[in-house]
$ cat data_35.cif   # mmCIF, C-alpha atoms
data_start
#
loop_
_atom_site.label_atom_id
_atom_site.label_comp_id
_atom_site.auth_asym_id
_atom_site.auth_seq_id
_atom_site.Cartn_x
_atom_site.Cartn_y
_atom_site.Cartn_z
CA MET E 1 0.00 0.00 0.00
CA ASN E 2 1.08 3.58 -0.64
CA VAL E 3 2.71 4.98 2.53
CA TYR E 4 0.68 8.20 2.33
CA LEU E 5 -2.58 6.31 2.00
CA ASP E 6 -1.49 3.99 4.82
CA LEU E 7 -0.81 6.98 7.11
CA PHE E 8 -4.09 8.61 6.13
CA LEU E 9 -6.14 5.45 6.70
CA THR E 10 -4.38 4.52 9.95
CA PHE E 11 -5.03 7.89 11.58
CA SER E 12 -8.46 8.24 9.99
CA ARG E 13 -9.56 4.85 11.32
CA THR E 14 -8.19 5.63 14.76
CA SER E 15 -9.91 9.00 14.94
CA LEU E 16 -13.18 7.64 13.58
CA PHE E 17 -13.62 4.91 16.19
CA THR E 18 -12.44 6.73 19.31
CA LEU E 19 -14.59 8.77 21.70
CA GLY E 20 -13.13 11.23 24.17
CA GLY E 21 -10.60 13.27 22.21
CA GLY E 22 -6.86 13.09 21.79
CA LEU E 23 -5.90 11.46 25.06
CA ALA E 24 -8.50 8.76 24.53
CA MET E 25 -7.03 8.13 21.06
CA LEU E 26 -3.49 7.87 22.40
CA PRO E 27 -3.46 4.16 23.37
CA PHE E 28 -4.89 3.22 19.97
CA VAL E 29 -2.39 5.41 18.12
CA GLU E 30 0.43 4.03 20.26
CA ARG E 31 -0.58 0.44 19.48
CA GLU E 32 -0.90 1.14 15.73
CA VAL E 33 2.38 3.05 15.49
CA THR E 34 4.59 0.95 17.78
CA GLU E 35 3.19 -2.58 17.70
CA LYS E 36 1.08 -3.11 14.61
CA ARG E 37 2.90 -0.94 12.03
CA GLN E 38 6.22 -0.76 13.91
CA TRP E 39 6.87 2.70 12.53
CA LEU E 40 8.37 3.81 15.87
CA SER E 41 9.72 2.17 19.00
CA LYS E 42 7.98 2.80 22.33
CA ASP E 43 10.76 5.20 23.33
CA GLU E 44 10.45 7.11 20.05
CA PHE E 45 6.69 7.30 20.54
CA LEU E 46 7.19 8.64 24.06
CA ASP E 47 9.49 11.32 22.62
CA VAL E 48 6.91 12.19 19.96
CA PHE E 49 4.22 12.41 22.64
CA GLY E 50 6.38 14.69 24.79
CA MET E 51 7.19 16.96 21.85
CA SER E 52 3.56 17.04 20.79
CA GLN E 53 2.46 18.25 24.20
CA SER E 54 4.88 21.16 24.02
CA MET E 55 3.66 22.26 20.58
CA PRO E 56 0.72 24.62 20.25
CA GLY E 57 -2.50 23.09 19.01
CA VAL E 58 -4.31 19.81 19.36
CA MET E 59 -2.02 17.20 20.91
CA ILE E 60 -3.19 14.18 18.89
CA LEU E 61 -2.93 16.15 15.66
CA ASN E 62 0.63 17.05 16.65
CA VAL E 63 1.35 13.36 17.33
CA ALA E 64 -0.05 12.34 13.94
CA THR E 65 1.84 15.09 12.12
CA THR E 66 5.11 14.22 13.84
CA VAL E 67 4.70 10.49 13.19
CA GLY E 68 3.79 11.20 9.56
CA TYR E 69 6.85 13.41 9.19
CA LYS E 70 9.15 10.77 10.68
CA ILE E 71 7.75 8.16 8.29
CA ALA E 72 7.44 10.12 5.04
CA ARG E 73 8.52 13.71 5.61
CA THR E 74 6.23 16.62 4.67
CA ARG E 75 3.74 14.63 2.59
CA GLY E 76 3.58 11.99 5.30
CA ALA E 77 2.86 14.69 7.90
CA MET E 78 0.10 16.08 5.68
CA ALA E 79 -1.41 12.62 5.09
CA ALA E 80 -1.42 11.73 8.80
CA ALA E 81 -2.84 15.13 9.78
CA ALA E 82 -5.54 14.91 7.10
CA GLY E 83 -6.44 11.40 8.26
CA THR E 84 -6.70 12.59 11.85
CA VAL E 85 -9.14 15.40 11.07
CA PHE E 86 -11.11 13.92 8.14
CA ALA E 87 -13.25 11.37 9.97
CA PRO E 88 -14.07 13.61 12.95
CA PHE E 89 -14.97 16.48 10.63
CA ILE E 90 -17.44 14.37 8.67
CA SER E 91 -18.82 12.64 11.75
CA ILE E 92 -19.25 15.94 13.62
CA LEU E 93 -21.25 17.33 10.73
CA LEU E 94 -23.50 14.27 10.68
CA VAL E 95 -23.88 14.07 14.46
CA ALA E 96 -24.66 17.78 14.78
CA TRP E 97 -27.34 17.49 12.13
CA PHE E 98 -28.86 14.45 13.88
CA PHE E 99 -28.27 15.55 17.50
CA ILE E 100 -30.29 18.74 17.20
CA GLY E 101 -33.44 16.65 17.20
CA ILE E 102 -32.60 14.32 20.11
CA LYS E 103 -30.35 16.32 22.45
CA ASP E 104 -32.92 16.55 25.26
CA SER E 105 -34.10 12.95 25.05
CA PRO E 106 -33.75 11.02 28.35
CA VAL E 107 -32.22 8.11 26.42
CA THR E 108 -29.52 10.39 24.98
CA VAL E 109 -28.71 11.77 28.42
CA LYS E 110 -28.38 8.23 29.82
CA ILE E 111 -26.18 7.10 26.93
CA PHE E 112 -23.73 9.93 27.51
CA SER E 113 -23.73 9.24 31.24
CA GLY E 114 -22.68 5.67 30.46
CA ILE E 115 -19.94 6.73 28.04
CA ARG E 116 -18.16 8.99 30.55
CA PRO E 117 -16.60 6.20 32.69
CA ALA E 118 -15.32 4.43 29.57
CA VAL E 119 -13.67 7.63 28.39
CA MET E 120 -12.03 8.05 31.81
CA ALA E 121 -10.59 4.55 31.53
CA LEU E 122 -9.32 5.32 28.02
CA VAL E 123 -7.57 8.42 29.34
CA THR E 124 -6.11 6.58 32.34
CA VAL E 125 -4.52 3.75 30.33
CA PRO E 126 -2.04 5.92 28.36
CA VAL E 127 -1.15 7.84 31.51
CA ILE E 128 -0.14 4.61 33.24
CA THR E 129 1.58 3.17 30.14
CA LEU E 130 3.55 6.34 29.41
CA SER E 131 4.37 6.80 33.11
CA ARG E 132 5.97 3.37 33.13
CA ALA E 133 7.90 4.11 29.93
CA ALA E 134 9.09 7.43 31.38
CA LYS E 135 10.00 5.61 34.62
CA ILE E 136 7.80 7.90 36.73
CA ARG E 137 7.47 6.40 40.18
CA GLY E 138 6.28 7.19 43.67
CA ALA E 139 5.40 10.68 44.80
CA VAL E 140 5.79 12.22 41.33
CA PHE E 141 2.75 10.22 40.24
CA LEU E 142 0.67 11.68 43.09
CA VAL E 143 0.39 15.14 41.52
CA PRO E 144 -1.47 14.09 38.33
CA ALA E 145 -3.51 11.61 40.38
CA ALA E 146 -4.51 14.39 42.80
CA VAL E 147 -5.38 16.72 39.93
CA ALA E 148 -7.50 14.03 38.27
CA PHE E 149 -9.26 13.40 41.58
CA ILE E 150 -9.91 17.10 42.19
CA ILE E 151 -11.32 17.62 38.70
CA GLY E 152 -13.18 14.33 38.34
CA ILE E 153 -14.53 13.68 41.83
CA GLY E 154 -14.39 17.16 43.31
CA ARG E 155 -16.02 18.66 40.20
CA VAL E 156 -13.58 21.60 40.28
CA HIS E 157 -13.23 23.36 36.93
CA PRO E 158 -9.84 22.60 35.29
CA GLY E 159 -9.20 26.32 34.89
CA TYR E 160 -9.15 26.75 38.67
CA VAL E 161 -6.77 23.82 39.05
CA ILE E 162 -4.43 25.35 36.45
CA LEU E 163 -4.56 28.73 38.22
CA ALA E 164 -3.81 27.03 41.54
CA GLY E 165 -0.85 25.21 39.94
CA VAL E 166 0.50 28.49 38.55
CA ALA E 167 0.07 30.14 41.96
CA ILE E 168 1.88 27.28 43.73
CA ALA E 169 4.73 27.38 41.20
CA PHE E 170 4.96 31.17 41.55
CA ILE E 171 5.10 30.93 45.35
CA ARG E 172 7.76 28.20 45.16
CA VAL E 173 9.90 30.29 42.79
CA LEU E 174 9.58 33.36 45.01
CA GLY E 175 10.31 31.25 48.10
CA ALA E 176 13.46 29.83 46.48
CA ARG E 177 14.80 33.29 45.66
CA THR E 178 14.44 34.85 49.08
CA PRO E 179 17.48 34.40 51.35
#
$ encode --input "data_35.cif" --output "structure tokens"
Amino acid sequence: MNVYLDLFLTFSRTSLFTLGGGLAMLPFVEREVTEKRQWLSKDEFLDVFGMSQSMPGVMILNVATTVGYKIARTRGAMAAAAGTVFAPFISILLVAWFFIGIKDSPVTVKIFSGIRPAVMALVTVPVITLSRAAKIRGAVFLVPAAVAFIIGIGRVHPGYVILAGVAIAFIRVLGARTP
């Protein structure tokens, strides 16, 4: 198969059948890229993931673009990026058209209530997998776990958690500078 078509179809298929956004897609992308296609090693994928988080924009699109570039340069990056956005774009158009008529249905509300725990599990799996690959152990793992608990169980808006993190970092930096 043509490498560009392969990149497009791989990322298109992954983005079409995944609910929950980029982090939920990550374990599927990781499996496709490292195990099934063997385009990258696990360490290379971890590096791509780290770089992608530091780039502006959508993380999973950055992952796809970087993987595509490593495989087939600029055209590979374009094929992987197009594959990542094509299926969601079409499906969002179709769902929006359909959802307008059923958004307040009790069945719809119950379905989405059932999907939420599955999405949480899909987000948790790559965190654990990548934490092991990055050799994160012990107390360092408590910070993201605490943040997830505060946001998920405590129902605190993520914006407040981010502001609190910035405030704590600011206080720590000021505290380190004072004699």
$ residues_around --input "data_35.cif" --residues "Asp6 in chain E" --least-positions-apart "2" --cutoff "10 Å" --atoms "all atoms listed in the file" --output "list in words"
Met1, Asn2, Val3, Tyr4, Phe8, Leu9, Thr10, Phe11, Ser12, Arg37, Gly76, Ala79, Ala80 and Gly83 of chain E
$ atom_distance --input "data_35.cif" --atom1 "CA of Val123 in chain E" --atom2 "CA of Lys42 in chain E"
18.0 Å
$ atom_distance --input "data_35.cif" --atom1 "CA of Gly57 in chain E" --atom2 "CA of Met25 in chain E"
15.8 Å
$ residues_around --input "data_35.cif" --residues "Thr66 in chain E" --least-positions-apart "5" --cutoff "12 Å" --atoms "only C-alpha atoms" --output "number ranges by chain"
E: 7, 33, 39-40, 44-53, 55, 59-61, 71-81
$ atom_distance --input "data_35.cif" --atom1 "CA of Leu16 in chain E" --atom2 "CA of Ala87 in chain E"
5.2 Å
$ resolve_selection --input "data_35.cif" --expression "the PyMOL selection byres ((chain E and resi 26) around 10)" --output "VMD selection string"
chain E and resid 14 to 15 18 21 to 25 27 to 32 49 59 to 60 63 122 to 123 125 to 127
$ closest_residue --input "data_35.cif" --among "E:Val161, E:Leu19, E:Ile90, E:Ala134" --to "Arg116 in chain E" --atoms "all atoms listed in the file"
E:Leu19
$ closest_residue --input "data_35.cif" --among "E:Val95, E:Ile128, E:Ala82, E:Val119" --to "Ala145 in chain E" --atoms "all atoms listed in the file"
E:Ile128
$ closest_residue --input "data_35.cif" --among "E:Phe141, E:Met120, E:Thr129, E:Val147" --to "Tyr160 in chain E" --atoms "only C-alpha atoms"
E:Val147
$ closest_residue --input "data_35.cif" --among "E:Ile115, E:Ser54, E:Ile162, E:Arg132" --to "Ile150 in chain E" --atoms "only C-alpha atoms"
E:Ile162
$ decode --input "data_35.cif" --residues "range 67-105 of chain E" --atoms "N, CA and C atoms" --output "mmCIF file, in the first residue's frame"
data_model
loop_
_atom_site.group_PDB
_atom_site.id
_atom_site.type_symbol
_atom_site.label_atom_id
_atom_site.label_comp_id
_atom_site.auth_asym_id
_atom_site.auth_seq_id
_atom_site.Cartn_x
_atom_site.Cartn_y
_atom_site.Cartn_z
ATOM 1 N N VAL E 67 4.501 11.861 13.650
ATOM 2 C CA VAL E 67 4.705 10.485 13.188
ATOM 3 C C VAL E 67 4.759 10.462 11.665
ATOM 4 N N GLY E 68 3.815 11.144 11.023
ATOM 5 C CA GLY E 68 3.793 11.199 9.560
ATOM 6 C C GLY E 68 5.082 11.767 8.996
ATOM 7 N N TYR E 69 5.600 12.795 9.654
ATOM 8 C CA TYR E 69 6.846 13.412 9.188
ATOM 9 C C TYR E 69 8.022 12.440 9.344
ATOM 10 N N LYS E 70 8.059 11.728 10.469
ATOM 11 C CA LYS E 70 9.154 10.767 10.682
ATOM 12 C C LYS E 70 9.105 9.630 9.667
ATOM 13 N N ILE E 71 7.899 9.272 9.224
ATOM 14 C CA ILE E 71 7.746 8.158 8.289
ATOM 15 C C ILE E 71 7.982 8.598 6.845
ATOM 16 N N ALA E 72 7.391 9.731 6.456
ATOM 17 C CA ALA E 72 7.436 10.118 5.038
ATOM 18 C C ALA E 72 7.544 11.631 4.833
ATOM 19 N N ARG E 73 8.243 12.275 5.712
ATOM 20 C CA ARG E 73 8.525 13.709 5.609
ATOM 21 C C ARG E 73 7.259 14.558 5.472
ATOM 22 N N THR E 74 7.314 15.642 4.715
ATOM 23 C CA THR E 74 6.229 16.619 4.668
ATOM 24 C C THR E 74 4.918 16.017 4.169
ATOM 25 N N ARG E 75 4.970 15.241 3.110
ATOM 26 C CA ARG E 75 3.739 14.634 2.593
ATOM 27 C C ARG E 75 3.174 13.613 3.578
ATOM 28 N N GLY E 76 4.040 12.925 4.278
ATOM 29 C CA GLY E 76 3.577 11.992 5.304
ATOM 30 C C GLY E 76 2.895 12.729 6.451
ATOM 31 N N ALA E 77 3.468 13.869 6.841
ATOM 32 C CA ALA E 77 2.856 14.685 7.897
ATOM 33 C C ALA E 77 1.477 15.168 7.463
ATOM 34 N N MET E 78 1.380 15.597 6.211
ATOM 35 C CA MET E 78 0.102 16.076 5.685
ATOM 36 C C MET E 78 -0.923 14.941 5.610
ATOM 37 N N ALA E 79 -0.495 13.762 5.194
ATOM 38 C CA ALA E 79 -1.410 12.620 5.089
ATOM 39 C C ALA E 79 -1.919 12.199 6.463
ATOM 40 N N ALA E 80 -1.018 12.118 7.441
ATOM 41 C CA ALA E 80 -1.417 11.725 8.796
ATOM 42 C C ALA E 80 -2.332 12.773 9.423
ATOM 43 N N ALA E 81 -2.007 14.049 9.241
ATOM 44 C CA ALA E 81 -2.843 15.127 9.779
ATOM 45 C C ALA E 81 -4.222 15.115 9.125
ATOM 46 N N ALA E 82 -4.256 14.954 7.808
ATOM 47 C CA ALA E 82 -5.543 14.907 7.104
ATOM 48 C C ALA E 82 -6.370 13.714 7.577
ATOM 49 N N GLY E 83 -5.728 12.575 7.763
ATOM 50 C CA GLY E 83 -6.438 11.399 8.258
ATOM 51 C C GLY E 83 -6.995 11.609 9.653
ATOM 52 N N THR E 84 -6.259 12.336 10.483
ATOM 53 C CA THR E 84 -6.700 12.587 11.849
ATOM 54 C C THR E 84 -7.940 13.471 11.893
ATOM 55 N N VAL E 85 -8.017 14.459 11.011
ATOM 56 C CA VAL E 85 -9.142 15.402 11.066
ATOM 57 C C VAL E 85 -10.301 15.046 10.138
ATOM 58 N N PHE E 86 -10.067 14.212 9.132
ATOM 59 C CA PHE E 86 -11.111 13.925 8.143
ATOM 60 C C PHE E 86 -12.335 13.245 8.760
ATOM 61 N N ALA E 87 -12.129 12.123 9.402
ATOM 62 C CA ALA E 87 -13.253 11.368 9.966
ATOM 63 C C ALA E 87 -14.013 12.165 11.023
ATOM 64 N N PRO E 88 -13.323 12.814 11.974
ATOM 65 C CA PRO E 88 -14.075 13.609 12.952
ATOM 66 C C PRO E 88 -14.850 14.758 12.311
ATOM 67 N N PHE E 89 -14.278 15.372 11.301
ATOM 68 C CA PHE E 89 -14.967 16.478 10.628
ATOM 69 C C PHE E 89 -16.283 16.001 10.029
ATOM 70 N N ILE E 90 -16.232 14.904 9.291
ATOM 71 C CA ILE E 90 -17.444 14.367 8.667
ATOM 72 C C ILE E 90 -18.427 13.883 9.731
ATOM 73 N N SER E 91 -17.918 13.165 10.727
ATOM 74 C CA SER E 91 -18.822 12.636 11.754
ATOM 75 C C SER E 91 -19.449 13.751 12.596
ATOM 76 N N ILE E 92 -18.694 14.813 12.863
ATOM 77 C CA ILE E 92 -19.249 15.940 13.623
ATOM 78 C C ILE E 92 -20.373 16.607 12.843
ATOM 79 N N LEU E 93 -20.178 16.760 11.544
ATOM 80 C CA LEU E 93 -21.247 17.328 10.729
ATOM 81 C C LEU E 93 -22.507 16.477 10.792
ATOM 82 N N LEU E 94 -22.346 15.169 10.648
ATOM 83 C CA LEU E 94 -23.500 14.265 10.677
ATOM 84 C C LEU E 94 -24.158 14.222 12.058
ATOM 85 N N VAL E 95 -23.345 14.133 13.099
ATOM 86 C CA VAL E 95 -23.884 14.066 14.457
ATOM 87 C C VAL E 95 -24.601 15.362 14.813
ATOM 88 N N ALA E 96 -24.021 16.495 14.472
ATOM 89 C CA ALA E 96 -24.656 17.780 14.776
ATOM 90 C C ALA E 96 -26.018 17.883 14.101
ATOM 91 N N TRP E 97 -26.081 17.451 12.873
ATOM 92 C CA TRP E 97 -27.338 17.490 12.134
ATOM 93 C C TRP E 97 -28.380 16.596 12.816
ATOM 94 N N PHE E 98 -27.958 15.410 13.243
ATOM 95 C CA PHE E 98 -28.863 14.454 13.882
ATOM 96 C C PHE E 98 -29.175 14.840 15.330
ATOM 97 N N PHE E 99 -28.162 15.311 16.054
ATOM 98 C CA PHE E 99 -28.266 15.551 17.495
ATOM 99 C C PHE E 99 -29.232 16.678 17.833
ATOM 100 N N ILE E 100 -29.392 17.618 16.938
ATOM 101 C CA ILE E 100 -30.287 18.744 17.196
ATOM 102 C C ILE E 100 -31.685 18.243 17.570
ATOM 103 N N GLY E 101 -32.113 17.167 16.936
ATOM 104 C CA GLY E 101 -33.445 16.646 17.198
ATOM 105 C C GLY E 101 -33.577 15.794 18.444
ATOM 106 N N ILE E 102 -32.485 15.268 18.988
ATOM 107 C CA ILE E 102 -32.596 14.322 20.110
ATOM 108 C C ILE E 102 -31.814 14.737 21.349
ATOM 109 N N LYS E 103 -31.259 15.941 21.360
ATOM 110 C CA LYS E 103 -30.350 16.319 22.451
ATOM 111 C C LYS E 103 -30.974 16.295 23.835
ATOM 112 N N ASP E 104 -32.280 16.528 23.948
ATOM 113 C CA ASP E 104 -32.916 16.554 25.264
ATOM 114 C C ASP E 104 -33.616 15.251 25.619
ATOM 115 N N SER E 105 -33.460 14.241 24.797
ATOM 116 C CA SER E 105 -34.095 12.948 25.051
ATOM 117 C C SER E 105 -33.470 12.289 26.280
#
